[in-house]
Amino acid sequence: MKVNVEFLSSEPLNNVITCMRYEMDKVLFFGYEDKIERMQKVTESFLKKYCGVRETEFVALPEGDFDGIRRAIRMTVTREAIRGHRMYFDITGGDSLILVAFGQLSTEFMASMHMFDVTENRLIEFNHGPIHLLSADAEQRTEQYNLDHFIEMQGGVINYRLQKNIKKDEDSEFGHDIDAIFDVAKKEWEVWNPFSEFLRTSMVPDENLRVVRKTEKVKAMLSSSGGRLRKIERFSEIIDRLAEKGVLKEVEHNDEIFRFRFKNREIKDCIWESGSILEMNVYGKEKAVSDDCRVGVHLDWDGVIHQKGFSDVINEVDVLSLKGNIVTFISCKSGKMDSKQTLHALYELDTVANRFGGKYARKVLVSAQRLSRNYLERAREMGIEVRWE
């Protein structure tokens, strides 16, 4: 039996990364009692469900007592050696006292020692002489892991019931239409959100996706809307540019009548929901360079999607992507944010990424409006990358 001997980390990925990449029969975890209580269930479940590990064992160690730590590890490892099991000491993450004990005992038992560079996705081995190396003994696993696996690793789950239709995988034609709408929106960020809101609240189409209004009525509604888009001339310019891109059809506006038809229901929904066009554009770019990518992802905190009558704690991530072992959380903001909204966006992104991505997660805020120096500095302190579109 091949046994991976490792200390239990607070970072879930550290606990499973070796078994995600190499076939192991058993994982023997050493850690402190409070950490075992928090990490055992989700770690054990992931290893058995997705990594083919047949057996896991968690051994509690006396915190701060090096002699006691070494004694407990030696006793357990001796038992495994007597059983004829081949052991590989894994030092990926962990406490410094346990690390020292692992170093001493791996030499004593002539067992190989290794660590996994999570960011670079590579195994690093430390050879103490004529011993068996993990890379030589264990077969590499070929299973491809996706975002569902990485979120479940953190004890959460993606709730697909809440995902909107326009944020499901798009066909190539819809992708071209998204690019076309974005070309218009990025030149109109100042008024794009008010434009979308006005369409959604005042220009509701019929069952054939046609909108027909008297021009005077449109003028009056724009004037009383209270938003930054109050003049029909500016509104008409945006409509005409969307028509040139082919996403609005049958466009006509004069002193008497204002009419147009949405190309399809997906286009209508995308234009209606003001932030969607930035999210979909970022999603398209991220998808091209990722192993897995999703848009409009709803994350359930406790990993259990309850039926009606129960309350789930949910956070929506605008764009979520996976490259190698690194999950990137992206928040998209197309409107102008005041100081309170800016801070909320930063703290929300930081909280969600820490909860569902751990220390290896990337955090990115994509904004249509430039942030002031103070907020850029705050983002940098929180490890958040800021980009403008």
# chains A, B, ... in the order shown; residues from 1 in each chain; ligands from 1
call {"tool": "residues_around", "arguments": {"residues": "range 88-103 of chain A", "least_positions_apart": "3", "cutoff": "8 Å", "atoms": "only C-alpha atoms", "output": "PyMOL selection string"}}
result
chain A and resi 2-9+14-15+64+66+69-70+73+106-107+111-117+133-134
call {"tool": "residues_around", "arguments": {"residues": "Glu23 in chain A", "least_positions_apart": "3", "cutoff": "12 Å", "atoms": "only C-alpha atoms", "output": "PyMOL selection string"}}
result
chain A and resi 1-4+16-20+26-27+47-48+50-54+134-143
call {"tool": "select_by_dssp", "arguments": {"residues": "range 43-250 of chain A", "states": "helix (DSSP H, G or I)", "output": "compact mmCIF listing (two decimals) with N, CA and C atoms, in the first residue's frame"}}
result
# COMPACT_ATOMS: atom_id res chain seq x y z
N THR A 43 -12.14 17.05 3.60
CA THR A 43 -10.91 16.48 3.04
C THR A 43 -11.09 15.00 2.72
N GLU A 44 -11.62 14.26 3.67
CA GLU A 44 -11.84 12.83 3.49
C GLU A 44 -12.80 12.57 2.33
N SER A 45 -13.86 13.36 2.25
CA SER A 45 -14.85 13.19 1.19
C SER A 45 -14.24 13.43 -0.18
N PHE A 46 -13.46 14.48 -0.32
CA PHE A 46 -12.87 14.82 -1.61
C PHE A 46 -11.88 13.74 -2.06
N LEU A 47 -11.02 13.30 -1.15
CA LEU A 47 -10.00 12.31 -1.50
C LEU A 47 -10.63 10.99 -1.97
N LYS A 48 -11.67 10.56 -1.31
CA LYS A 48 -12.30 9.29 -1.68
C LYS A 48 -13.17 9.43 -2.93
N LYS A 49 -13.83 10.57 -3.07
CA LYS A 49 -14.76 10.78 -4.17
C LYS A 49 -14.05 11.06 -5.49
N TYR A 50 -12.97 11.85 -5.43
CA TYR A 50 -12.35 12.33 -6.67
C TYR A 50 -10.91 11.87 -6.89
N PHE A 66 7.30 19.59 20.81
CA PHE A 66 8.03 18.93 19.74
C PHE A 66 8.30 17.46 20.04
N ASP A 67 8.71 17.16 21.26
CA ASP A 67 8.99 15.76 21.60
C ASP A 67 7.72 14.92 21.49
N GLY A 68 6.61 15.48 21.95
CA GLY A 68 5.34 14.76 21.86
C GLY A 68 4.90 14.57 20.42
N ILE A 69 5.14 15.59 19.58
CA ILE A 69 4.81 15.50 18.16
C ILE A 69 5.62 14.40 17.49
N ARG A 70 6.93 14.41 17.74
CA ARG A 70 7.80 13.42 17.11
C ARG A 70 7.46 12.02 17.59
N ARG A 71 7.14 11.89 18.87
CA ARG A 71 6.81 10.59 19.42
C ARG A 71 5.52 10.03 18.79
N ALA A 72 4.51 10.87 18.65
CA ALA A 72 3.23 10.44 18.08
C ALA A 72 3.39 10.05 16.61
N ILE A 73 4.17 10.84 15.87
CA ILE A 73 4.37 10.53 14.45
C ILE A 73 5.16 9.24 14.31
N ARG A 74 6.24 9.07 15.12
CA ARG A 74 7.08 7.87 15.02
C ARG A 74 6.25 6.61 15.31
N MET A 75 5.40 6.66 16.32
CA MET A 75 4.61 5.50 16.68
C MET A 75 3.66 5.10 15.54
N THR A 76 3.03 6.09 14.93
CA THR A 76 2.08 5.80 13.84
C THR A 76 2.80 5.32 12.59
N VAL A 77 3.92 5.97 12.27
CA VAL A 77 4.68 5.60 11.08
C VAL A 77 5.30 4.21 11.25
N THR A 78 5.74 3.90 12.47
CA THR A 78 6.28 2.56 12.73
C THR A 78 5.23 1.49 12.46
N ARG A 79 4.02 1.74 12.88
CA ARG A 79 2.93 0.81 12.62
C ARG A 79 2.73 0.57 11.13
N GLU A 80 2.80 1.65 10.34
CA GLU A 80 2.63 1.52 8.89
C GLU A 80 3.81 0.73 8.29
N ALA A 81 5.00 0.99 8.80
CA ALA A 81 6.19 0.28 8.28
C ALA A 81 6.10 -1.21 8.57
N ILE A 82 5.65 -1.57 9.78
CA ILE A 82 5.50 -2.99 10.15
C ILE A 82 4.52 -3.68 9.22
N SER A 96 5.68 24.43 11.42
CA SER A 96 7.13 24.30 11.42
C SER A 96 7.63 23.16 12.29
N LEU A 97 6.99 22.93 13.45
CA LEU A 97 7.43 21.84 14.32
C LEU A 97 7.21 20.49 13.65
N ILE A 98 6.08 20.34 12.98
CA ILE A 98 5.79 19.08 12.29
C ILE A 98 6.76 18.91 11.13
N LEU A 99 7.11 20.00 10.48
CA LEU A 99 8.06 19.94 9.37
C LEU A 99 9.40 19.39 9.82
N VAL A 100 9.89 19.87 10.97
CA VAL A 100 11.16 19.38 11.50
C VAL A 100 11.06 17.89 11.83
N ALA A 101 9.96 17.51 12.45
CA ALA A 101 9.77 16.10 12.80
C ALA A 101 9.71 15.23 11.55
N PHE A 102 9.04 15.72 10.51
CA PHE A 102 8.95 14.97 9.26
C PHE A 102 10.34 14.78 8.66
N GLY A 103 11.14 15.82 8.69
CA GLY A 103 12.48 15.74 8.13
C GLY A 103 13.32 14.69 8.83
N GLN A 104 13.25 14.67 10.17
CA GLN A 104 14.02 13.70 10.93
C GLN A 104 13.53 12.27 10.69
N LEU A 105 12.21 12.09 10.71
CA LEU A 105 11.65 10.75 10.62
C LEU A 105 11.73 10.17 9.21
N SER A 106 11.66 11.02 8.20
CA SER A 106 11.79 10.50 6.84
C SER A 106 13.19 9.93 6.62
N THR A 107 14.20 10.56 7.24
CA THR A 107 15.57 10.04 7.16
C THR A 107 15.68 8.74 7.96
N GLU A 108 15.10 8.74 9.14
CA GLU A 108 15.16 7.57 10.01
C GLU A 108 14.53 6.35 9.35
N LEU A 134 8.31 9.00 -4.93
CA LEU A 134 6.89 9.00 -5.27
C LEU A 134 6.69 8.97 -6.78
N SER A 135 7.45 9.80 -7.50
CA SER A 135 7.28 9.91 -8.95
C SER A 135 7.60 8.61 -9.67
N ALA A 136 8.46 7.78 -9.08
CA ALA A 136 8.83 6.51 -9.70
C ALA A 136 7.84 5.41 -9.36
N ASP A 137 7.24 5.47 -8.15
CA ASP A 137 6.38 4.39 -7.67
C ASP A 137 4.91 4.57 -8.04
N LEU A 147 -14.04 23.53 -12.09
CA LEU A 147 -14.40 24.47 -11.04
C LEU A 147 -15.32 23.85 -9.99
N ASP A 148 -16.19 22.95 -10.41
CA ASP A 148 -17.06 22.28 -9.44
C ASP A 148 -16.23 21.54 -8.39
N HIS A 149 -15.17 20.86 -8.84
CA HIS A 149 -14.30 20.14 -7.92
C HIS A 149 -13.61 21.10 -6.95
N PHE A 150 -13.09 22.20 -7.47
CA PHE A 150 -12.33 23.12 -6.61
C PHE A 150 -13.23 23.82 -5.60
N ILE A 151 -14.47 24.13 -5.99
CA ILE A 151 -15.41 24.75 -5.04
C ILE A 151 -15.83 23.72 -3.99
N GLU A 152 -16.06 22.48 -4.40
CA GLU A 152 -16.42 21.44 -3.44
C GLU A 152 -15.27 21.16 -2.48
N MET A 153 -14.04 21.27 -2.97
CA MET A 153 -12.86 21.10 -2.13
C MET A 153 -12.88 22.08 -0.96
N TYR A 160 -26.59 25.75 -9.78
CA TYR A 160 -26.91 26.02 -11.17
C TYR A 160 -28.37 26.43 -11.36
N ARG A 161 -29.19 26.20 -10.36
CA ARG A 161 -30.60 26.59 -10.48
C ARG A 161 -30.77 28.09 -10.61
N LEU A 162 -29.83 28.84 -10.06
CA LEU A 162 -29.95 30.30 -10.04
C LEU A 162 -29.29 30.97 -11.23
N ASN A 165 -30.22 32.36 -18.02
CA ASN A 165 -30.04 31.74 -19.32
C ASN A 165 -28.94 32.39 -20.14
N ILE A 166 -28.86 33.73 -20.11
CA ILE A 166 -27.86 34.41 -20.94
C ILE A 166 -26.45 34.18 -20.41
N LYS A 167 -26.34 33.65 -19.18
CA LYS A 167 -25.01 33.41 -18.61
C LYS A 167 -24.64 31.93 -18.66
N SER A 172 -21.60 30.51 -31.03
CA SER A 172 -20.66 31.44 -31.66
C SER A 172 -21.35 32.72 -32.11
N GLU A 173 -22.57 32.62 -32.61
CA GLU A 173 -23.28 33.82 -33.07
C GLU A 173 -23.56 34.76 -31.91
N PHE A 174 -23.98 34.20 -30.79
CA PHE A 174 -24.24 35.05 -29.63
C PHE A 174 -22.94 35.69 -29.14
N GLY A 175 -21.84 34.95 -29.24
CA GLY A 175 -20.55 35.52 -28.88
C GLY A 175 -20.20 36.73 -29.74
N HIS A 176 -20.46 36.64 -31.03
CA HIS A 176 -20.23 37.79 -31.92
C HIS A 176 -21.14 38.96 -31.56
N ASP A 177 -22.38 38.65 -31.20
CA ASP A 177 -23.31 39.72 -30.81
C ASP A 177 -22.87 40.39 -29.52
N ILE A 178 -22.32 39.61 -28.59
CA ILE A 178 -21.80 40.18 -27.34
C ILE A 178 -20.68 41.17 -27.66
N ASP A 179 -19.77 40.80 -28.55
CA ASP A 179 -18.68 41.69 -28.95
C ASP A 179 -19.23 42.97 -29.56
N ALA A 180 -20.28 42.82 -30.35
CA ALA A 180 -20.88 43.99 -31.01
C ALA A 180 -21.50 44.93 -29.99
N ILE A 181 -22.24 44.39 -29.05
CA ILE A 181 -22.86 45.23 -28.02
C ILE A 181 -21.79 45.90 -27.17
N PHE A 182 -20.73 45.15 -26.85
CA PHE A 182 -19.66 45.71 -26.02
C PHE A 182 -18.98 46.88 -26.72
N ASP A 183 -18.80 46.79 -28.03
CA ASP A 183 -18.19 47.89 -28.78
C ASP A 183 -18.99 49.17 -28.61
N VAL A 184 -20.30 49.05 -28.50
CA VAL A 184 -21.15 50.22 -28.29
C VAL A 184 -21.09 50.66 -26.83
N ALA A 185 -21.23 49.70 -25.92
CA ALA A 185 -21.31 50.02 -24.50
C ALA A 185 -20.05 50.69 -23.97
N TRP A 189 -20.04 54.13 -21.40
CA TRP A 189 -20.13 53.64 -20.02
C TRP A 189 -20.82 54.64 -19.11
N GLU A 190 -20.65 55.91 -19.37
CA GLU A 190 -21.22 56.93 -18.49
C GLU A 190 -22.74 56.81 -18.40
N VAL A 191 -23.36 56.40 -19.52
CA VAL A 191 -24.83 56.34 -19.53
C VAL A 191 -25.36 54.93 -19.84
N TRP A 192 -24.46 53.93 -19.92
CA TRP A 192 -24.94 52.61 -20.32
C TRP A 192 -25.91 52.01 -19.29
N ASN A 193 -25.60 52.12 -18.02
CA ASN A 193 -26.52 51.59 -17.01
C ASN A 193 -27.87 52.29 -17.03
N PRO A 194 -27.91 53.64 -17.09
CA PRO A 194 -29.22 54.30 -17.22
C PRO A 194 -29.95 53.92 -18.51
N PHE A 195 -29.20 53.71 -19.58
CA PHE A 195 -29.81 53.29 -20.85
C PHE A 195 -30.48 51.93 -20.69
N SER A 196 -29.77 50.98 -20.08
CA SER A 196 -30.32 49.65 -19.87
C SER A 196 -31.54 49.69 -18.95
N GLU A 197 -31.43 50.47 -17.88
CA GLU A 197 -32.54 50.56 -16.93
C GLU A 197 -33.77 51.18 -17.58
N PHE A 198 -33.56 52.18 -18.44
CA PHE A 198 -34.70 52.82 -19.11
C PHE A 198 -35.40 51.83 -20.04
N LEU A 199 -34.62 51.04 -20.79
CA LEU A 199 -35.22 50.03 -21.66
C LEU A 199 -36.03 49.03 -20.84
N ARG A 200 -35.46 48.61 -19.73
CA ARG A 200 -36.10 47.57 -18.92
C ARG A 200 -37.38 48.06 -18.26
N THR A 201 -37.42 49.31 -17.87
CA THR A 201 -38.57 49.82 -17.13
C THR A 201 -39.59 50.54 -18.00
N SER A 202 -39.15 51.11 -19.12
CA SER A 202 -40.05 51.96 -19.91
C SER A 202 -40.24 51.53 -21.35
N THR A 215 -43.00 59.21 -29.90
CA THR A 215 -41.75 59.92 -29.61
C THR A 215 -41.90 60.89 -28.45
N GLU A 216 -43.02 61.58 -28.39
CA GLU A 216 -43.24 62.52 -27.29
C GLU A 216 -43.26 61.81 -25.95
N LYS A 217 -43.81 60.60 -25.94
CA LYS A 217 -43.86 59.83 -24.70
C LYS A 217 -42.44 59.43 -24.28
N VAL A 218 -41.61 59.03 -25.25
CA VAL A 218 -40.24 58.66 -24.94
C VAL A 218 -39.48 59.87 -24.38
N LYS A 219 -39.66 61.03 -25.00
CA LYS A 219 -39.01 62.26 -24.52
C LYS A 219 -39.41 62.56 -23.08
N ALA A 220 -40.69 62.45 -22.80
CA ALA A 220 -41.19 62.76 -21.46
C ALA A 220 -40.64 61.79 -20.42
N MET A 221 -40.61 60.50 -20.76
CA MET A 221 -40.11 59.50 -19.82
C MET A 221 -38.62 59.69 -19.55
N LEU A 222 -37.85 60.00 -20.61
CA LEU A 222 -36.43 60.24 -20.42
C LEU A 222 -36.19 61.46 -19.55
N SER A 223 -36.93 62.50 -19.80
CA SER A 223 -36.76 63.75 -19.06
C SER A 223 -37.06 63.59 -17.58
N ILE A 232 -33.39 62.66 -25.66
CA ILE A 232 -33.73 61.62 -26.63
C ILE A 232 -32.67 61.51 -27.72
N GLU A 233 -31.94 62.61 -27.99
CA GLU A 233 -30.91 62.55 -29.02
C GLU A 233 -29.81 61.56 -28.65
N ARG A 234 -29.37 61.57 -27.40
CA ARG A 234 -28.33 60.64 -26.95
C ARG A 234 -28.87 59.21 -26.95
N PHE A 235 -30.09 59.07 -26.50
CA PHE A 235 -30.73 57.76 -26.48
C PHE A 235 -30.84 57.21 -27.90
N SER A 236 -31.23 58.06 -28.85
CA SER A 236 -31.39 57.64 -30.24
C SER A 236 -30.06 57.23 -30.86
N GLU A 237 -28.99 57.92 -30.48
CA GLU A 237 -27.66 57.59 -31.01
C GLU A 237 -27.26 56.17 -30.60
N ILE A 238 -27.51 55.83 -29.35
CA ILE A 238 -27.16 54.48 -28.88
C ILE A 238 -27.99 53.44 -29.61
N ILE A 239 -29.28 53.71 -29.77
CA ILE A 239 -30.16 52.79 -30.50
C ILE A 239 -29.66 52.59 -31.92
N ASP A 240 -29.28 53.67 -32.59
CA ASP A 240 -28.81 53.58 -33.97
C ASP A 240 -27.51 52.78 -34.06
N ARG A 241 -26.62 52.96 -33.10
CA ARG A 241 -25.35 52.23 -33.13
C ARG A 241 -25.58 50.74 -32.89
N LEU A 242 -26.52 50.41 -32.02
CA LEU A 242 -26.86 49.00 -31.82
C LEU A 242 -27.50 48.41 -33.07
N ALA A 243 -28.25 49.24 -33.79
CA ALA A 243 -28.85 48.79 -35.05
C ALA A 243 -27.77 48.54 -36.09
N GLU A 244 -26.76 49.39 -36.14
CA GLU A 244 -25.65 49.20 -37.07
C GLU A 244 -24.91 47.89 -36.80
call {"tool": "atom_distance", "arguments": {"atom1": "CA of Val319 in chain A", "atom2": "CA of Tyr360 in chain A"}}
result
16.8 Å
call {"tool": "closest_residue", "arguments": {"among": "A:His253, A:Lys41, A:Lys35, A:Arg362", "to": "Val211 in chain A", "atoms": "only C-alpha atoms"}}
result
A:His253
call {"tool": "residues_around", "arguments": {"residues": "Asn159 in chain A", "least_positions_apart": "4", "cutoff": "9 Å", "atoms": "only C-alpha atoms", "output": "list in words"}}
result
Gln163, Val297, His298, Leu299, Asp300, Ile305 and Ile314 of chain A
call {"tool": "atom_distance", "arguments": {"atom1": "CA of Met24 in chain A", "atom2": "CA of His85 in chain A"}}
result
11.4 Å
call {"tool": "closest_residue", "arguments": {"among": "A:Phe58, A:Phe109, A:Tyr145, A:Trp272", "to": "Asp292 in chain A", "atoms": "only C-alpha atoms"}}
result
A:Tyr145
call {"tool": "residues_around", "arguments": {"residues": "range 338-347 of chain A", "least_positions_apart": "5", "cutoff": "12 Å", "atoms": "only C-alpha atoms", "output": "PyMOL selection string"}}
result
chain A and resi 317-318+329-333+352-354+363-367+369-386
call {"tool": "write_last_selection", "arguments": {"atoms": "N, CA and C atoms", "output": "CSV table (one decimal), in the first residue's frame"}}
result
chain,number,residue,atom,x,y,z
A,317,VAL,N,-20.6,35.2,-8.2
A,317,VAL,CA,-19.3,35.7,-8.7
A,317,VAL,C,-19.6,36.0,-10.2
A,318,ASP,N,-19.2,37.1,-10.7
A,318,ASP,CA,-19.5,37.5,-12.1
A,318,ASP,C,-18.8,36.6,-13.0
A,329,PHE,N,-11.2,34.8,-9.2
A,329,PHE,CA,-12.5,35.3,-8.9
A,329,PHE,C,-12.5,36.8,-9.5
A,330,ILE,N,-13.5,37.0,-10.4
A,330,ILE,CA,-13.5,38.3,-11.1
A,330,ILE,C,-14.9,39.0,-10.8
A,331,SER,N,-14.8,40.2,-10.3
A,331,SER,CA,-16.0,41.1,-10.1
A,331,SER,C,-16.0,42.2,-11.2
A,332,CYS,N,-17.1,42.3,-11.8
A,332,CYS,CA,-17.2,43.3,-12.9
A,332,CYS,C,-18.2,44.5,-12.5
A,333,LYS,N,-17.7,45.7,-12.7
A,333,LYS,CA,-18.5,46.8,-12.4
A,333,LYS,C,-18.6,47.8,-13.5
A,352,VAL,N,-15.4,36.6,-0.7
A,352,VAL,CA,-15.8,35.4,-1.4
A,352,VAL,C,-14.6,34.6,-1.9
A,353,ALA,N,-13.6,35.3,-2.4
A,353,ALA,CA,-12.4,34.6,-2.9
A,353,ALA,C,-11.7,33.9,-1.8
A,354,ASN,N,-11.6,34.5,-0.6
A,354,ASN,CA,-10.9,33.8,0.5
A,354,ASN,C,-11.7,32.6,1.0
A,363,LYS,N,-7.7,37.4,-7.3
A,363,LYS,CA,-8.8,38.3,-7.2
A,363,LYS,C,-8.7,39.4,-8.1
A,364,VAL,N,-9.7,39.7,-9.0
A,364,VAL,CA,-9.6,40.7,-10.0
A,364,VAL,C,-10.9,41.5,-10.0
A,365,LEU,N,-10.7,42.8,-10.0
A,365,LEU,CA,-11.9,43.7,-10.1
A,365,LEU,C,-11.7,44.4,-11.5
A,366,VAL,N,-12.7,44.2,-12.4
A,366,VAL,CA,-12.8,44.8,-13.7
A,366,VAL,C,-13.8,45.9,-13.6
A,367,SER,N,-13.4,47.1,-13.9
A,367,SER,CA,-14.2,48.3,-13.8
A,367,SER,C,-14.3,49.1,-15.1
A,369,GLN,N,-15.1,52.2,-14.9
A,369,GLN,CA,-14.7,53.6,-14.4
A,369,GLN,C,-13.4,53.4,-13.6
A,370,ARG,N,-12.5,54.4,-13.8
A,370,ARG,CA,-11.3,54.4,-13.1
A,370,ARG,C,-11.4,54.7,-11.6
A,371,LEU,N,-10.7,53.9,-10.8
A,371,LEU,CA,-10.7,54.1,-9.3
A,371,LEU,C,-9.7,55.1,-8.9
A,372,SER,N,-10.0,55.8,-7.8
A,372,SER,CA,-9.0,56.8,-7.3
A,372,SER,C,-7.8,56.1,-6.8
A,373,ARG,N,-6.7,56.9,-6.5
A,373,ARG,CA,-5.5,56.3,-6.0
A,373,ARG,C,-5.7,55.6,-4.7
A,374,ASN,N,-6.5,56.2,-3.8
A,374,ASN,CA,-6.7,55.6,-2.5
A,374,ASN,C,-7.3,54.2,-2.6
A,375,TYR,N,-8.3,54.0,-3.5
A,375,TYR,CA,-8.9,52.7,-3.6
A,375,TYR,C,-8.0,51.7,-4.4
A,376,LEU,N,-7.2,52.2,-5.2
A,376,LEU,CA,-6.2,51.3,-5.9
A,376,LEU,C,-5.2,50.8,-4.9
A,377,GLU,N,-4.8,51.7,-3.9
A,377,GLU,CA,-3.9,51.3,-2.9
A,377,GLU,C,-4.6,50.2,-2.0
A,378,ARG,N,-5.8,50.5,-1.7
A,378,ARG,CA,-6.5,49.5,-0.8
A,378,ARG,C,-6.7,48.2,-1.5
A,379,ALA,N,-7.0,48.2,-2.8
A,379,ALA,CA,-7.1,47.0,-3.5
A,379,ALA,C,-5.7,46.2,-3.5
A,380,ARG,N,-4.6,46.9,-3.7
A,380,ARG,CA,-3.3,46.3,-3.7
A,380,ARG,C,-3.0,45.7,-2.4
A,381,GLU,N,-3.4,46.3,-1.3
A,381,GLU,CA,-3.2,45.8,0.1
A,381,GLU,C,-4.0,44.5,0.3
A,382,MET,N,-5.1,44.4,-0.4
A,382,MET,CA,-6.0,43.2,-0.3
A,382,MET,C,-5.6,42.1,-1.3
A,383,GLY,N,-4.6,42.4,-2.1
A,383,GLY,CA,-4.2,41.4,-3.1
A,383,GLY,C,-5.1,41.3,-4.3
A,384,ILE,N,-5.8,42.4,-4.6
A,384,ILE,CA,-6.8,42.5,-5.7
A,384,ILE,C,-6.2,43.2,-6.9
A,385,GLU,N,-6.2,42.6,-8.0
A,385,GLU,CA,-5.8,43.2,-9.3
A,385,GLU,C,-6.9,44.0,-9.8
A,386,VAL,N,-6.7,45.3,-10.3
A,386,VAL,CA,-7.7,46.1,-10.8
A,386,VAL,C,-7.4,46.3,-12.3
call {"tool": "closest_residue", "arguments": {"among": "A:Asp269, A:Asp255, A:Glu279, A:Glu125", "to": "Leu209 in chain A", "atoms": "only C-alpha atoms"}}
result
A:Asp269
call {"tool": "closest_residue", "arguments": {"among": "A:Gln144, A:Ser10, A:Ser276, A:Ser290", "to": "Lys164 in chain A", "atoms": "only C-alpha atoms"}}
result
A:Ser276
call {"tool": "atom_distance", "arguments": {"atom1": "CA of Leu320 in chain A", "atom2": "CA of Arg265 in chain A"}}
result
24.7 Å
